[in-house]
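Asks: Sending over coords-v1.csv (CSV, C-alpha atoms).
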```csv
chain,number,residue,atom,x,y,z
A,1,MET,CA,26.4,10.9,27.1
A,2,ARG,CA,23.2,8.8,27.4
A,3,CYS,CA,23.1,5.4,25.8
A,4,ALA,CA,19.7,6.1,24.2
A,5,LYS,CA,21.2,8.9,22.2
A,6,ILE,CA,24.2,6.9,21.3
A,7,GLU,CA,21.9,4.1,20.0
A,8,ARG,CA,20.2,6.5,17.7
A,9,TRP,CA,23.6,7.8,16.5
A,10,ILE,CA,24.7,4.2,15.9
A,11,SER,CA,21.7,3.7,13.6
A,12,ASP,CA,22.5,6.9,11.7
A,13,ASP,CA,26.2,5.9,11.5
A,14,ILE,CA,25.2,2.5,9.9
A,15,ASP,CA,23.1,4.4,7.3
A,16,GLY,CA,26.0,6.8,6.6
A,17,ALA,CA,24.0,9.7,8.0
A,18,LEU,CA,26.1,10.7,11.0
A,19,ALA,CA,28.2,13.8,11.1
A,20,PRO,CA,32.0,13.3,11.7
A,21,ARG,CA,31.9,15.1,15.0
A,22,LYS,CA,29.2,12.7,16.3
A,23,LYS,CA,31.1,9.7,14.9
A,24,ASP,CA,34.0,10.6,17.3
A,25,ILE,CA,31.6,10.9,20.2
A,26,VAL,CA,30.1,7.5,19.4
A,27,ALA,CA,33.6,5.9,19.1
A,28,ARG,CA,34.7,7.3,22.4
A,29,HIS,CA,31.4,6.1,24.1
A,30,LEU,CA,31.7,2.6,22.6
A,31,SER,CA,35.2,2.2,24.0
A,32,SER,CA,33.8,2.6,27.5
A,33,CYS,CA,30.3,1.1,27.2
A,34,PRO,CA,29.9,-2.7,26.8
A,35,SER,CA,26.1,-2.4,26.5
A,36,CYS,CA,26.3,0.0,23.5
A,37,ARG,CA,29.0,-2.2,22.0
A,38,ALA,CA,26.7,-5.2,22.2
A,39,TYR,CA,23.9,-3.2,20.7
A,40,ARG,CA,26.1,-2.2,17.8
A,41,VAL,CA,27.0,-5.8,17.2
A,42,HIS,CA,23.4,-6.8,17.1
A,43,VAL,CA,22.2,-4.1,14.7
A,44,MET,CA,25.2,-4.8,12.4
A,45,GLY,CA,24.1,-8.5,12.4
A,46,LEU,CA,20.6,-7.3,11.5
A,47,GLN,CA,21.9,-5.3,8.7
A,48,ALA,CA,23.8,-8.2,7.2
A,49,GLY,CA,20.8,-10.5,7.6
A,50,ALA,CA,18.4,-8.0,6.1
A,51,LEU,CA,20.7,-7.6,3.0
A,52,GLU,CA,20.6,-11.4,2.5
A,53,GLN,CA,16.9,-11.0,1.9
A,54,ASN,CA,17.5,-9.2,-1.3
A,55,ARG,CA,18.3,-12.5,-2.9
A,56,ALA,CA,14.7,-13.6,-2.3
A,57,ALA,CA,13.6,-10.8,-4.6
A,58,GLU,CA,15.8,-11.9,-7.4
A,59,ARG,CA,14.1,-13.2,-10.5
A,60,PRO,CA,15.5,-15.1,-13.5
A,61,ASP,CA,16.1,-13.3,-16.9
A,62,ALA,CA,13.2,-15.1,-18.4
A,63,TYR,CA,10.8,-13.6,-15.9
A,64,TRP,CA,12.0,-10.1,-16.7
A,65,ARG,CA,11.6,-10.7,-20.5
A,66,GLU,CA,8.0,-11.8,-19.8
A,67,PHE,CA,7.4,-8.9,-17.4
A,68,GLY,CA,8.6,-6.4,-20.0
A,69,ALA,CA,6.6,-7.9,-22.8
A,70,ARG,CA,3.4,-7.9,-20.6
A,71,LEU,CA,4.0,-4.3,-19.5
A,72,GLU,CA,4.5,-3.1,-23.1
A,73,GLU,CA,1.3,-4.8,-24.2
A,74,ARG,CA,-0.6,-3.1,-21.3
A,75,LEU,CA,1.0,0.3,-22.1
A,76,GLY,CA,-0.4,0.0,-25.6
A,77,GLY,CA,-3.9,0.1,-24.2
A,78,GLU,CA,-3.3,3.1,-22.0
A,79,ARG,CA,-3.8,6.7,-22.8
A,80,PRO,CA,-1.1,8.6,-20.8
A,81,PHE,CA,-1.6,12.0,-19.4
A,82,LEU,CA,0.9,13.7,-21.6
A,83,ALA,CA,2.9,16.8,-20.8
A,84,ASP,CA,1.0,19.1,-23.3
A,85,ARG,CA,-2.3,17.9,-21.7
A,86,ALA,CA,-0.8,18.6,-18.3
A,87,ARG,CA,0.1,22.1,-19.3
A,88,LEU,CA,-3.3,22.6,-20.8
A,89,ALA,CA,-5.0,21.4,-17.7
A,90,ALA,CA,-2.7,23.7,-15.6
A,91,ARG,CA,-3.7,26.6,-17.9
A,92,ARG,CA,-7.4,25.7,-17.5
A,93,SER,CA,-7.1,25.6,-13.8
A,94,TRP,CA,-5.6,29.1,-13.9
A,95,VAL,CA,-8.4,30.3,-16.1
A,96,TRP,CA,-11.0,28.9,-13.7
A,97,SER,CA,-9.2,30.3,-10.7
A,98,GLY,CA,-9.2,33.7,-12.4
A,99,ALA,CA,-12.8,33.5,-13.2
A,100,GLY,CA,-13.6,32.5,-9.6
A,101,LEU,CA,-11.5,35.4,-8.2
A,102,ALA,CA,-13.3,37.9,-10.6
A,103,ALA,CA,-16.7,36.6,-9.5
A,104,ALA,CA,-15.8,37.0,-5.8
A,105,ALA,CA,-14.5,40.5,-6.5
A,106,ALA,CA,-17.7,41.5,-8.3
A,107,LEU,CA,-19.8,40.1,-5.4
A,108,ALA,CA,-17.7,42.0,-2.9
A,109,ALA,CA,-18.0,45.2,-4.9
A,110,TYR,CA,-21.8,44.8,-5.1
A,111,LEU,CA,-22.2,44.2,-1.4
A,112,LEU,CA,-19.9,47.0,-0.3
A,113,VAL,CA,-20.3,49.8,-2.9
A,114,LEU,CA,-23.1,49.3,-5.4
A,115,ARG,CA,-25.7,47.8,-3.1
A,116,PRO,CA,-29.1,49.7,-3.4
A,117,ASP,CA,-29.9,52.2,-0.6
A,118,ALA,CA,-32.9,50.1,0.4
A,119,VAL,CA,-30.7,47.4,1.7
A,120,ARG,CA,-27.8,49.6,2.9
A,121,PRO,CA,-28.0,50.3,6.7
A,122,GLY,CA,-28.5,54.0,7.6
A,123,PRO,CA,-26.7,55.8,10.4
A,124,PHE,CA,-27.5,54.4,13.9
A,125,VAL,CA,-29.9,56.5,15.9
A,126,PHE,CA,-30.8,55.5,19.4
A,127,SER,CA,-34.5,55.2,20.2
A,128,PHE,CA,-35.8,54.3,23.6
A,129,GLU,CA,-39.1,53.1,22.1
A,130,ASP,CA,-37.4,50.9,19.5
A,131,THR,CA,-35.1,49.5,22.1
A,132,VAL,CA,-38.0,48.6,24.4
A,133,ALA,CA,-40.0,47.2,21.5
A,134,SER,CA,-37.1,44.9,20.5
A,135,ILE,CA,-36.8,43.8,24.1
A,136,MET,CA,-40.5,43.1,24.3
A,137,THR,CA,-40.4,41.2,21.0
A,138,GLU,CA,-37.6,39.1,22.5
A,139,ILE,CA,-39.6,38.5,25.6
A,140,GLY,CA,-42.7,37.5,23.7
A,141,ASP,CA,-44.9,35.2,25.8
A,142,ASP,CA,-42.2,34.0,28.1
A,143,PRO,CA,-43.3,35.0,31.6
A,144,GLU,CA,-40.0,34.2,33.1
A,145,LEU,CA,-38.1,36.5,30.8
A,146,GLU,CA,-40.7,39.2,31.4
A,147,ARG,CA,-40.2,38.8,35.2
A,148,SER,CA,-36.5,39.0,34.8
A,149,PHE,CA,-36.7,42.1,32.6
A,150,GLY,CA,-39.1,43.7,35.1
A,151,THR,CA,-36.8,42.9,38.0
A,152,ALA,CA,-33.7,44.3,36.1
A,153,LEU,CA,-35.6,47.4,35.1
A,154,GLN,CA,-36.8,48.0,38.6
A,155,ALA,CA,-33.3,47.5,40.0
A,156,SER,CA,-32.0,50.0,37.4
A,157,ILE,CA,-34.6,52.6,38.4
A,158,ASP,CA,-33.9,52.1,42.1
A,159,GLU,CA,-30.2,52.5,41.5
A,160,ALA,CA,-30.9,55.8,39.5
A,161,VAL,CA,-33.2,57.1,42.2
A,162,GLY,CA,-30.7,56.2,44.9
A,163,GLU,CA,-27.9,58.1,43.1
A,164,ALA,CA,-30.2,61.2,42.7
A,165,GLY,CA,-31.1,61.2,46.4
A,166,GLY,CA,-34.7,60.5,45.6
A,167,GLU,CA,-35.5,64.2,44.9
A,168,ALA,CA,-35.7,64.3,41.2
A,169,PHE,CA,-38.0,61.3,41.0
A,170,GLY,CA,-39.8,61.8,44.3
A,171,SER,CA,-42.4,64.2,43.0
A,172,PRO,CA,-42.7,64.5,39.2
A,173,SER,CA,-45.4,67.0,39.7
A,174,GLY,CA,-42.8,69.5,40.8
A,175,ASP,CA,-41.1,69.3,37.4
A,176,PRO,CA,-42.8,71.8,34.9
A,177,LEU,CA,-41.7,69.7,32.0
A,178,PHE,CA,-43.7,66.8,33.4
A,179,TRP,CA,-46.9,68.7,33.0
A,180,GLU,CA,-45.9,70.1,29.7
A,181,SER,CA,-45.4,66.6,28.3
A,182,LEU,CA,-48.9,65.4,29.2
A,183,SER,CA,-51.6,65.3,26.5
A,184,ASP,CA,-55.0,67.0,27.0
A,185,GLU,CA,-56.6,63.6,27.6
A,186,GLU,CA,-54.0,62.7,30.2
A,187,LEU,CA,-54.5,66.0,31.9
A,188,ALA,CA,-58.2,65.4,32.0
A,189,ARG,CA,-57.7,62.1,33.6
A,190,VAL,CA,-55.4,63.6,36.3
A,191,GLU,CA,-58.0,66.3,36.9
A,192,SER,CA,-60.8,63.8,37.3
A,193,GLY,CA,-58.6,61.7,39.6
A,194,LEU,CA,-57.9,64.7,41.8
A,195,ARG,CA,-61.6,65.5,42.0
A,196,SER,CA,-62.6,62.0,43.0
A,197,GLU,CA,-59.9,62.1,45.8
A,198,LYS,CA,-61.6,65.2,47.2
B,1,MET,CA,19.1,0.4,-28.5
B,2,MET,CA,18.4,3.2,-26.0
B,3,ASP,CA,21.1,2.2,-23.5
B,4,GLY,CA,23.0,5.5,-24.1
B,5,VAL,CA,20.0,7.8,-23.8
B,6,GLN,CA,19.9,9.9,-20.6
B,7,GLU,CA,17.1,9.5,-18.1
B,8,GLU,CA,16.0,13.1,-18.6
B,9,ALA,CA,15.7,12.7,-22.4
B,10,LEU,CA,13.7,9.5,-22.0
B,11,VAL,CA,11.3,11.2,-19.5
B,12,ARG,CA,10.8,14.1,-22.0
B,13,ARG,CA,10.1,11.6,-24.8
B,14,ALA,CA,7.7,9.6,-22.7
B,15,GLN,CA,5.9,12.9,-21.7
B,16,GLY,CA,5.5,13.5,-25.4
B,17,GLY,CA,3.7,10.2,-25.9
B,18,ASP,CA,6.6,7.9,-26.8
B,19,ALA,CA,5.6,4.6,-25.1
B,20,SER,CA,9.0,2.9,-26.1
B,21,ALA,CA,10.9,5.6,-24.1
B,22,PHE,CA,8.7,4.8,-21.1
B,23,ALA,CA,9.3,1.1,-21.6
B,24,GLU,CA,13.0,1.8,-21.5
B,25,LEU,CA,12.7,3.7,-18.2
B,26,ALA,CA,10.7,0.8,-16.8
B,27,ARG,CA,13.3,-1.7,-18.0
B,28,ARG,CA,16.0,0.3,-16.2
B,29,SER,CA,14.1,0.6,-12.9
B,30,ARG,CA,12.0,-2.6,-12.8
B,31,GLU,CA,14.3,-4.7,-10.6
B,32,ARG,CA,14.7,-2.0,-8.0
B,33,VAL,CA,11.0,-1.3,-8.0
B,34,TYR,CA,10.2,-5.0,-7.8
B,35,GLY,CA,12.8,-5.3,-4.9
B,36,VAL,CA,11.2,-2.7,-2.8
B,37,ILE,CA,7.7,-4.0,-3.4
B,38,PHE,CA,8.8,-7.6,-2.7
B,39,GLY,CA,10.5,-6.5,0.5
B,40,LEU,CA,7.1,-5.2,1.8
B,41,VAL,CA,4.7,-7.9,0.5
B,42,ARG,CA,7.1,-10.9,0.6
B,43,ASN,CA,5.4,-12.9,-2.1
B,44,HIS,CA,6.1,-12.9,-5.8
B,45,ALA,CA,2.5,-12.9,-7.1
B,46,ASP,CA,1.6,-9.7,-5.3
B,47,ALA,CA,5.0,-8.1,-6.1
B,48,ASP,CA,4.4,-8.9,-9.8
B,49,ASP,CA,0.9,-7.3,-9.8
B,50,LEU,CA,2.0,-4.3,-7.9
B,51,ALA,CA,5.1,-3.7,-10.0
B,52,GLN,CA,3.0,-3.8,-13.2
B,53,GLU,CA,0.5,-1.5,-11.6
B,54,THR,CA,3.3,0.9,-10.5
B,55,PHE,CA,4.5,1.3,-14.1
B,56,LEU,CA,1.0,1.6,-15.5
B,57,SER,CA,0.2,4.3,-12.9
B,58,ALA,CA,3.4,6.1,-13.7
B,59,TYR,CA,2.7,6.0,-17.4
B,60,ARG,CA,-0.8,7.4,-17.0
B,61,ALA,CA,0.6,10.3,-14.9
B,62,ILE,CA,3.9,10.8,-16.7
B,63,GLY,CA,2.8,14.3,-17.9
B,64,ARG,CA,2.5,15.4,-14.3
B,65,PHE,CA,6.1,14.5,-13.5
B,66,ARG,CA,7.9,17.8,-13.2
B,67,GLY,CA,11.5,16.6,-12.6
B,68,GLY,CA,11.7,18.0,-9.1
B,69,SER,CA,13.2,14.7,-8.1
B,70,SER,CA,14.8,11.9,-10.1
B,71,PHE,CA,12.5,9.6,-12.1
B,72,TYR,CA,13.6,6.7,-9.8
B,73,THR,CA,12.6,8.6,-6.7
B,74,TRP,CA,9.2,9.4,-8.3
B,75,ILE,CA,8.6,5.8,-9.4
B,76,TYR,CA,9.7,4.5,-5.9
B,77,ARG,CA,7.1,6.8,-4.4
B,78,ILE,CA,4.4,5.4,-6.6
B,79,ALA,CA,5.5,1.8,-5.8
B,80,VAL,CA,5.6,2.4,-2.0
B,81,ASN,CA,2.3,4.2,-1.9
B,82,LEU,CA,0.6,1.5,-4.0
B,83,THR,CA,2.1,-1.3,-1.9
B,84,MET,CA,1.3,0.4,1.4
B,85,ASN,CA,-2.3,0.9,0.3
B,86,HIS,CA,-2.5,-2.7,-0.8
B,87,LEU,CA,-1.2,-4.0,2.5
B,88,LYS,CA,-3.6,-1.7,4.4
B,89,LYS,CA,-6.5,-3.0,2.3
B,90,MET,CA,-5.4,-6.6,2.8
B,91,LYS,CA,-5.2,-6.0,6.6
B,92,ARG,CA,-8.6,-4.5,6.6
B,93,GLU,CA,-10.2,-7.2,4.6
B,94,LYS,CA,-8.7,-10.3,6.0
B,95,GLY,CA,-7.1,-9.4,9.3
B,96,ARG,CA,-3.4,-9.8,10.0
B,97,SER,CA,-3.4,-13.4,11.4
B,98,GLU,CA,-5.6,-14.7,8.6
B,99,LEU,CA,-3.4,-13.1,6.0
B,100,LEU,CA,-0.3,-14.8,7.4
B,101,ASP,CA,-2.2,-18.2,7.6
B,102,THR,CA,-3.5,-18.1,4.1
B,103,THR,CA,-0.4,-16.7,2.3
B,104,PRO,CA,2.9,-17.8,3.7
B,105,PRO,CA,5.1,-15.0,2.3
B,106,SER,CA,7.9,-15.3,4.8
B,107,ALA,CA,8.2,-19.1,4.1
B,108,GLU,CA,8.9,-18.3,0.4
B,109,ALA,CA,11.3,-15.6,1.3
B,110,ARG,CA,13.1,-17.8,3.8
B,111,ALA,CA,13.2,-20.7,1.3
B,112,ALA,CA,14.8,-18.5,-1.3
B,113,ALA,CA,17.1,-16.8,1.0
B,114,SER,CA,18.6,-19.2,3.5
B,115,PRO,CA,19.3,-22.8,2.4
B,116,GLU,CA,22.5,-22.2,0.6
B,117,LEU,CA,23.8,-19.4,2.8
B,118,ARG,CA,26.5,-20.4,5.1
B,119,SER,CA,27.0,-17.2,6.9
B,120,GLN,CA,25.5,-16.6,10.3
B,121,ALA,CA,23.7,-13.5,8.9
B,122,GLY,CA,22.1,-15.7,6.3
B,123,GLU,CA,20.9,-18.1,8.9
B,124,ILE,CA,18.9,-15.4,10.7
B,125,SER,CA,17.6,-13.9,7.4
B,126,GLY,CA,14.3,-15.8,7.6
B,127,ARG,CA,13.8,-14.7,11.2
B,128,ILE,CA,14.5,-11.1,10.2
B,129,ALA,CA,11.9,-11.4,7.4
B,130,GLN,CA,9.3,-12.7,9.9
B,131,ALA,CA,10.2,-10.0,12.5
B,132,LEU,CA,10.0,-7.3,9.8
B,133,ASP,CA,6.4,-8.4,9.0
B,134,GLU,CA,5.6,-7.7,12.7
B,135,ILE,CA,6.7,-4.1,12.9
B,136,PRO,CA,4.5,-1.2,11.8
B,137,LEU,CA,4.4,-0.5,8.1
B,138,PRO,CA,6.0,3.0,8.1
B,139,PHE,CA,9.0,1.6,9.9
B,140,ARG,CA,9.2,-1.4,7.6
B,141,ALA,CA,9.0,0.8,4.5
B,142,ALA,CA,11.8,3.1,5.8
B,143,PHE,CA,13.9,0.0,6.6
B,144,GLN,CA,13.4,-1.5,3.2
B,145,LEU,CA,14.3,1.7,1.4
B,146,VAL,CA,17.4,2.4,3.4
B,147,VAL,CA,18.8,-1.0,4.1
B,148,ASN,CA,17.7,-3.1,1.2
B,149,GLN,CA,17.6,-0.5,-1.5
B,150,GLY,CA,20.5,1.5,-0.2
B,151,LEU,CA,18.7,4.9,-0.3
B,152,SER,CA,20.1,7.7,1.8
B,153,HIS,CA,17.9,9.2,4.5
B,154,ALA,CA,17.3,12.2,2.2
B,155,ARG,CA,16.0,10.1,-0.7
B,156,ALA,CA,14.0,7.8,1.5
B,157,ALA,CA,12.4,10.9,3.0
B,158,GLU,CA,11.4,12.1,-0.6
B,159,VAL,CA,9.9,8.7,-1.4
B,160,LEU,CA,8.0,8.5,1.9
B,161,GLY,CA,7.0,12.1,1.9
B,162,CYS,CA,8.4,12.9,5.3
B,163,SER,CA,11.5,14.6,6.8
B,164,GLU,CA,15.0,13.2,7.0
B,165,ASN,CA,14.7,13.3,10.7
B,166,THR,CA,11.6,11.2,10.6
B,167,VAL,CA,13.5,8.6,8.5
B,168,SER,CA,16.3,8.6,11.0
B,169,TRP,CA,13.9,8.1,13.8
B,170,ARG,CA,12.0,5.3,12.0
B,171,MET,CA,15.3,3.5,11.2
B,172,HIS,CA,16.4,3.7,14.8
B,173,LYS,CA,13.0,2.5,16.1
B,174,ALA,CA,12.8,-0.3,13.4
B,175,ARG,CA,16.3,-1.5,14.6
B,176,LYS,CA,15.2,-1.4,18.2
B,177,MET,CA,12.0,-3.3,17.5
B,178,LEU,CA,13.9,-5.9,15.4
B,179,GLN,CA,16.6,-6.2,17.9
B,180,ALA,CA,14.1,-6.8,20.7
B,181,ARG,CA,12.4,-9.6,18.7
B,182,LEU,CA,15.7,-11.2,17.6
B,183,LYS,CA,17.9,-10.7,20.6
B,184,PRO,CA,18.5,-14.5,21.3
B,185,PHE,CA,19.6,-15.1,17.7
B,186,LEU,CA,21.6,-11.9,17.3
B,187,SER,CA,23.7,-12.7,20.3
B,188,GLU,CA,25.3,-15.5,18.3
B,189,VAL,CA,26.1,-13.2,15.3
B,190,GLU,CA,29.5,-11.7,15.0
B,191,PRO,CA,29.7,-8.3,13.1
```
Please rewrite the model in this file as structure tokens.

Replies:
Amino acid sequence: MRCAKIERWISDDIDGALAPRKKDIVARHLSSCPSCRAYRVHVMGLQAGALEQNRAAERPDAYWREFGARLEERLGGERPFLADRARLAARRSWVWSGAGLAAAAALAAYLLVLRPDAVRPGPFVFSFEDTVASIMTEIGDDPELERSFGTALQASIDEAVGEAGGEAFGSPSGDPLFWESLSDEELARVESGLRSEK
Amino acid sequence: MMDGVQEEALVRRAQGGDASAFAELARRSRERVYGVIFGLVRNHADADDLAQETFLSAYRAIGRFRGGSSFYTWIYRIAVNLTMNHLKKMKREKGRSELLDTTPPSAEARAAASPELRSQAGEISGRIAQALDEIPLPFRAAFQLVVNQGLSHARAAEVLGCSENTVSWRMHKARKMLQARLKPFLSEVEP
């Protein structure tokens, strides 16, 4: 058994807070450990010396009479927090707590159930245009962000082209849907371009 | 006049506004309350002020006392809290060394405790008072309650608002600190 633990138990034993089983262990240890025996002698001496100090706190009867009279005089000027007021205060605190809870519940109901449609979000529908618009808004006038976005977009396109073997995107003119999607104005521009190449 | 009245009945009457019932409770506990305060501040002027303040604070709050512990435990708690706050404030305002220089509490305690004592324990009492002043306040408070007031670890824990294990630990550490400071004198003491 380590002496450090025994010293703690010696302290508990002096205070009458040590279990009988531990008392036996302490007794056995003390019979074979001069260091712990000396420690016990020292702390018992401390105990006796400390108790002697209680005499310093003793006051004569005359002091206590004066102390009591002075206290009673001061009590007369005090307004104690009486039990019925304490109960009333406790009831009030319950009332206020209830009011707070009711207000919180009403707010939650408004936000979750009764909120007008105008502020209730509709079902989410993906839109490429909206997505790009929000990205462009985010980029704003920041050239670095714009460059980063352009690089990422190009890398994404290159990756998609690579996966498709370059055929699908190699010649958009081969896709009938490509021509179908062009407006008359765009078709006119393509036509004038072709004419100028000739 | 109220000697035979039980503590619980006095508390109920005081909670109903009976100042004389509270005065009786104060009369029954004042020496113990004063003792624990004096053990921490070591001068009668401060102990007197703090003891009066303890009872006034208790009277103001008597309606809130719910009887979960005994009235004595409750009043001890008020006394210890007020005293510890007072000591912390004093330490902040004046600094420890200046406090010891300007108010010699230990000298008063020693003068009152030691001259007529013939036992070896009595001879080192003043030195113990001085050594107690040097150990941290939470340890000193636990030591005062358990050794000088004779409280069990459980009741001291209630007063200090901590666990019994913490009280046990503080008592052990307080004894170790005191023993380290007083070893040369304790060597001469027989148990």

Asks: Out of A:Val95, A:Ala62, A:Ala155, A:Ala69, which residue has the shortest atom-to-atom distance to chain B when counting all atoms listed in the file?

Replies: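 Closest to chain B, using all atoms listed in the file: A:Ala69.
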
Asks: Within 8 Å of stretch 165-167 of chain B, counting all atoms listed in the file, which residues show up once you throw out same-chain ones fewer than 4 positions away? Write them as a ChimeraX atom specification, please.

Replies: /B:142,153,156-157,171

Asks: Counting only C-alpha atoms, which residues in chain A sit no more than 9 Å from chain B? For each one, give the nearest pair of atoms and the distance in Å, sorted by chain then residue number, as a tab-separated table.

Replies:
```
residue	atom	partner	partner_atom	distance
A:Glu7	CA	B:His172	CA	7.6
A:Arg8	CA	B:His172	CA	5.5
A:Trp9	CA	B:His172	CA	8.5
A:Ile10	CA	B:His172	CA	8.4
A:Ser11	CA	B:His172	CA	5.4
A:Asp12	CA	B:Ser168	CA	6.5
A:Asp15	CA	B:Ser152	CA	7.1
A:Gly16	CA	B:Ser152	CA	7.7
A:Ala17	CA	B:His153	CA	7.1
A:Ala38	CA	B:Ser187	CA	8.3
A:Tyr39	CA	B:Gln179	CA	8.4
A:Arg40	CA	B:Pro191	CA	8.5
A:Val41	CA	B:Pro191	CA	5.5
A:His42	CA	B:Leu186	CA	5.4
A:Val43	CA	B:Arg175	CA	6.4
A:Met44	CA	B:Pro191	CA	5.7
A:Gly45	CA	B:Pro191	CA	5.6
A:Leu46	CA	B:Ile128	CA	7.3
A:Gln47	CA	B:Val147	CA	7.0
A:Ala48	CA	B:Ala121	CA	5.6
A:Gly49	CA	B:Ala121	CA	4.4
A:Ala50	CA	B:Ser125	CA	6.1
A:Leu51	CA	B:Asn148	CA	5.7
A:Glu52	CA	B:Gly122	CA	5.9
A:Gln53	CA	B:Ala113	CA	5.9
A:Asn54	CA	B:Asn148	CA	6.6
A:Arg55	CA	B:Ala113	CA	5.9
A:Ala56	CA	B:Ala112	CA	5.0
A:Ala57	CA	B:Gly35	CA	5.6
A:Glu58	CA	B:Gly35	CA	7.7
A:Arg59	CA	B:Glu31	CA	8.5
A:Trp64	CA	B:Arg30	CA	8.5
A:Phe67	CA	B:Gln52	CA	7.9
A:Gly68	CA	B:Arg27	CA	6.9
A:Arg70	CA	B:Gln52	CA	8.5
A:Leu71	CA	B:Gln52	CA	6.4
A:Glu72	CA	B:Ala23	CA	6.6
A:Arg74	CA	B:Leu56	CA	7.6
A:Leu75	CA	B:Leu56	CA	6.7
A:Gly76	CA	B:Ala19	CA	7.6
A:Glu78	CA	B:Arg60	CA	7.1
A:Arg79	CA	B:Arg60	CA	6.6
A:Pro80	CA	B:Arg60	CA	4.0
A:Phe81	CA	B:Gly63	CA	5.2
A:Leu82	CA	B:Gly63	CA	4.2
A:Ala83	CA	B:Gly63	CA	3.8
A:Asp84	CA	B:Gly63	CA	7.4
A:Arg85	CA	B:Gly63	CA	7.3
A:Ala86	CA	B:Gly63	CA	5.6
A:Arg87	CA	B:Gly63	CA	8.4
```

Asks: Between atom CA of A:Pro34 and atom CA of A:Arg2, what distance in Å does the model show, to one decimal?

Replies: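 We find that atom CA of A:Pro34 and atom CA of A:Arg2 lie 13.3 Å from each other.
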
Asks: At what distance in Å, to one decimal, does atom CA of A:Ile14 lie from atom CA of B:Leu82?

Replies: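 Pair atom CA of B:Leu82 / atom CA of A:Ile14 returns 28.3 Å.
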
Asks: I'd like to know which of B:Leu40, B:Ser69, B:Ala141, B:Val80 is closest to B:Thr54, using only C-alpha atoms.

Replies: B:Val80

Asks: Between atom CA of B:Glu8 and atom CA of B:Gly68, what distance in Å does the model show, to one decimal?

Replies: 11.5 Å

Asks: My list of candidates is A:Cys3, A:Val132, A:Trp94, A:Ile157. Which is closest to A:Cys36 when distances are computed with all atoms listed in the file?

Replies: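 Of A:Cys3, A:Val132, A:Trp94, A:Ile157, the one nearest A:Cys36, counting all atoms listed in the file, is A:Cys3.
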
Asks: As a short mmCIF file (atom, residue, chain, number, x, y, z; two decimals), in the coordinates of the input, could you write out stretch 48-60 of chain B once it has been completed with N, CA and C atoms?

Replies:
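Heads up, here's the output in rebuild_32.cif:
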```cif
data_model
loop_
_atom_site.label_atom_id
_atom_site.label_comp_id
_atom_site.auth_asym_id
_atom_site.auth_seq_id
_atom_site.Cartn_x
_atom_site.Cartn_y
_atom_site.Cartn_z
N ASP B 48 4.58 -8.96 -8.33
CA ASP B 48 4.40 -8.90 -9.80
C ASP B 48 3.27 -7.94 -10.15
N ASP B 49 2.12 -8.19 -9.55
CA ASP B 49 0.90 -7.30 -9.80
C ASP B 49 1.21 -5.89 -9.49
N LEU B 50 1.79 -5.66 -8.31
CA LEU B 50 2.00 -4.30 -7.90
C LEU B 50 3.08 -3.58 -8.71
N ALA B 51 4.08 -4.33 -9.15
CA ALA B 51 5.10 -3.70 -10.00
C ALA B 51 4.51 -3.29 -11.34
N GLN B 52 3.69 -4.17 -11.92
CA GLN B 52 3.00 -3.80 -13.20
C GLN B 52 2.13 -2.59 -12.98
N GLU B 53 1.39 -2.59 -11.89
CA GLU B 53 0.50 -1.50 -11.60
C GLU B 53 1.25 -0.19 -11.38
N THR B 54 2.40 -0.32 -10.74
CA THR B 54 3.30 0.90 -10.50
C THR B 54 3.62 1.52 -11.84
N PHE B 55 4.08 0.72 -12.79
CA PHE B 55 4.50 1.30 -14.10
C PHE B 55 3.33 1.81 -14.88
N LEU B 56 2.20 1.13 -14.79
CA LEU B 56 1.00 1.60 -15.50
C LEU B 56 0.56 2.96 -14.92
N SER B 57 0.56 3.05 -13.59
CA SER B 57 0.20 4.30 -12.90
C SER B 57 1.12 5.43 -13.32
N ALA B 58 2.40 5.10 -13.33
CA ALA B 58 3.40 6.10 -13.70
C ALA B 58 3.23 6.57 -15.13
N TYR B 59 2.93 5.64 -16.02
CA TYR B 59 2.70 6.00 -17.40
C TYR B 59 1.53 6.89 -17.61
N ARG B 60 0.46 6.56 -16.88
CA ARG B 60 -0.80 7.40 -17.00
C ARG B 60 -0.48 8.82 -16.51
#
```
